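What follows is a set of notes on a single structure, which appears directly below.
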Amino acid sequence: MPDKSRYFSREELKCPCGCERCEMDVGFLMALDILRDHWRAPLVPNSAFRCRKHNKAVGGEDESMHIYGRAVDFPIKPNERYKFVELVIELGFHGIGIMANAIHLDNRLGAKTLFHYYGKEKKKK
Ligand SMILES: [Zn+2]
Ligand SMILES: [Zn+2]
């Protein structure tokens with residue numbers, strides 16, 4: 001099992017707080033590569049791995065999948081959002097979160113869920 005993504009660099013995935021940690025889940029990285037294979041266009045994460053301190057600073061949920069390296073936020077153009085959500089459902093991502101300017105994806109354990117950040121967006125990143 002490769003431990004590096006074919007598409008996403010450490011720079012793009014690491015915690016942005018300066019701690020330099022980048023503890024992405026290997027299975028999740030593979031799922032992102034498969035997503036990128038199907039999408040056939042660049043995807044640049046807004047946010048991927050977060051240490052607990054940074055997650056708290058940006059108002060993330062206490063047990064956000066970002067701290068486990070199993071979540072990513074991609075900015076997706078409004079006219080491409082339907083196509084993107086259709087694809088990530090097809091590929092079996094478990095958590096899909098809709099933000100005003102980005103789509104959160106994760107592979108949480110348990111039931112699949114679609115949610116939005118309405119009312120929380122100001123402190124979210
Ligand atoms: Zn950090
Ligand atoms: Zn997120």
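Identifiers in this document derive from the order of the structure tokens: chains are assigned A, B, ..., residues are numbered from 1 separately in each chain, and ligands are numbered from 1 in order of occurrence.
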
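The neighbours of region 66-71 of chain A here are the residues that come within 6 Å of it, using only C-alpha atoms and leaving out any residue fewer than 2 positions away in the same chain; they are Glu23, Met24, Asp25, Phe28, Ala48, Phe49, Arg50, Cys51, Ser64, Leu105, Asp106 and Asn107 of chain A.
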
Taking 3 positions as the minimum chain separation for residues in the same chain, which residues sit within 8 Å of His104 (chain A) when counting only C-alpha atoms? Answer as a count of residues only.
9

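Taking only C-alpha atoms and all ligand atoms into account, ligand 1 lies nearest to A:Glu20 out of the set A:Glu20, A:Asp3, A:Glu63, A:Glu12.
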
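Of the listed residues (A:Gly27, A:Arg40, A:Glu90, A:Asn46), A:Arg40 comes nearest to Tyr7 (chain A); the distances count only C-alpha atoms.
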
Output as JSON lines one row per residue of chain A within 9 Å of ligand 1: the closest atom pair and its distance in Å to one decimal place, counting only C-alpha atoms and all ligand atoms, sorted by chain and residue number ascending.
```
{"residue": "A:Lys14", "atom": "CA", "partner": "ligand 1", "partner_atom_place_in_ligand_line": "1 (Zn)", "distance": 8.0}
{"residue": "A:Cys15", "atom": "CA", "partner": "ligand 1", "partner_atom_place_in_ligand_line": "1 (Zn)", "distance": 4.6}
{"residue": "A:Pro16", "atom": "CA", "partner": "ligand 1", "partner_atom_place_in_ligand_line": "1 (Zn)", "distance": 6.0}
{"residue": "A:Cys17", "atom": "CA", "partner": "ligand 1", "partner_atom_place_in_ligand_line": "1 (Zn)", "distance": 4.3}
{"residue": "A:Gly18", "atom": "CA", "partner": "ligand 1", "partner_atom_place_in_ligand_line": "1 (Zn)", "distance": 5.8}
{"residue": "A:Cys19", "atom": "CA", "partner": "ligand 1", "partner_atom_place_in_ligand_line": "1 (Zn)", "distance": 4.3}
{"residue": "A:Glu20", "atom": "CA", "partner": "ligand 1", "partner_atom_place_in_ligand_line": "1 (Zn)", "distance": 6.5}
{"residue": "A:Arg21", "atom": "CA", "partner": "ligand 1", "partner_atom_place_in_ligand_line": "1 (Zn)", "distance": 6.2}
{"residue": "A:Cys22", "atom": "CA", "partner": "ligand 1", "partner_atom_place_in_ligand_line": "1 (Zn)", "distance": 8.6}
{"residue": "A:Phe49", "atom": "CA", "partner": "ligand 1", "partner_atom_place_in_ligand_line": "1 (Zn)", "distance": 8.2}
{"residue": "A:Arg50", "atom": "CA", "partner": "ligand 1", "partner_atom_place_in_ligand_line": "1 (Zn)", "distance": 5.6}
{"residue": "A:Cys51", "atom": "CA", "partner": "ligand 1", "partner_atom_place_in_ligand_line": "1 (Zn)", "distance": 4.2}
{"residue": "A:Arg52", "atom": "CA", "partner": "ligand 1", "partner_atom_place_in_ligand_line": "1 (Zn)", "distance": 7.1}
{"residue": "A:Lys53", "atom": "CA", "partner": "ligand 1", "partner_atom_place_in_ligand_line": "1 (Zn)", "distance": 6.3}
{"residue": "A:His54", "atom": "CA", "partner": "ligand 1", "partner_atom_place_in_ligand_line": "1 (Zn)", "distance": 5.1}
{"residue": "A:Asn55", "atom": "CA", "partner": "ligand 1", "partner_atom_place_in_ligand_line": "1 (Zn)", "distance": 7.9}
```

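Listed by chain and then by rising number, the residues of region 3-81 of chain A that DSSP assigns to strand (DSSP E) from the backbone are A:Ala71, A:Val72, A:Asp73, A:Phe74.
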
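Closest approach to ligand 2 among A:Ala102, A:Ile76, A:Ile89, A:Ala31 is made by A:Ala102 (distances from only C-alpha atoms and all ligand atoms).
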
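With CA of Leu114 (chain A) on one side and CA of Trp39 (chain A) on the other, the separation reads 20.1 Å.
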
Nearest candidate to Asn101 (chain A) (options A:Pro78, A:Pro42, A:Gly59, A:Gly119; using only C-alpha atoms):
A:Pro78

From the DSSP assignment of the backbone, select every residue of region 24-77 of chain A that is alpha helix (DSSP H), and format the answer as a ChimeraX atom specification.
/A:26-39,52-57

Compare A:Tyr82, A:Phe93, A:Phe8, A:Tyr117 by their minimum atom-to-atom distance to ligand 2, counting only C-alpha atoms and all ligand atoms, and give me the closest one.
A:Tyr117

Which one is closest to ligand 2: A:Phe115, A:Ile103, A:Leu87, A:Ala41? Count only C-alpha atoms and all ligand atoms.
A:Ile103

Within 12 Å of Arg6 (chain A), counting only C-alpha atoms, which residues show up once you throw out same-chain ones fewer than 6 positions away? Write them as a short mmCIF file (atom, residue, chain, number, x, y, z; two decimals) with N, CA, C and O atoms, in the first residue's frame, please.
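What ended up in result_32.cif:
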```cif
data_model
loop_
_atom_site.label_atom_id
_atom_site.label_comp_id
_atom_site.auth_asym_id
_atom_site.auth_seq_id
_atom_site.Cartn_x
_atom_site.Cartn_y
_atom_site.Cartn_z
N VAL A 26 -3.83 6.46 5.44
CA VAL A 26 -3.40 5.92 4.15
C VAL A 26 -4.60 5.52 3.27
O VAL A 26 -4.63 5.80 2.07
N LEU A 29 -6.13 8.65 1.85
CA LEU A 29 -5.32 9.19 0.75
C LEU A 29 -5.58 8.42 -0.55
O LEU A 29 -5.68 9.01 -1.63
N MET A 30 -5.70 7.10 -0.43
CA MET A 30 -5.98 6.29 -1.63
C MET A 30 -7.35 6.66 -2.20
O MET A 30 -7.52 6.75 -3.42
N ALA A 31 -8.31 6.88 -1.30
CA ALA A 31 -9.65 7.26 -1.76
C ALA A 31 -9.60 8.62 -2.47
O ALA A 31 -10.27 8.83 -3.48
N LEU A 32 -8.76 9.53 -1.97
CA LEU A 32 -8.63 10.85 -2.62
C LEU A 32 -7.99 10.72 -4.00
O LEU A 32 -8.37 11.42 -4.94
N ASP A 33 -7.01 9.82 -4.12
CA ASP A 33 -6.38 9.60 -5.42
C ASP A 33 -7.39 9.05 -6.44
O ASP A 33 -7.41 9.46 -7.60
N ILE A 34 -8.22 8.13 -5.98
CA ILE A 34 -9.24 7.56 -6.87
C ILE A 34 -10.25 8.64 -7.28
O ILE A 34 -10.63 8.74 -8.45
N LEU A 35 -10.62 9.47 -6.32
CA LEU A 35 -11.50 10.60 -6.63
C LEU A 35 -10.87 11.50 -7.69
O LEU A 35 -11.51 11.87 -8.68
N ARG A 36 -9.58 11.81 -7.50
CA ARG A 36 -8.88 12.69 -8.45
C ARG A 36 -8.76 12.03 -9.83
O ARG A 36 -8.87 12.72 -10.85
N ASP A 37 -8.55 10.71 -9.86
CA ASP A 37 -8.52 9.99 -11.15
C ASP A 37 -9.83 10.22 -11.91
O ASP A 37 -9.83 10.47 -13.11
#
```
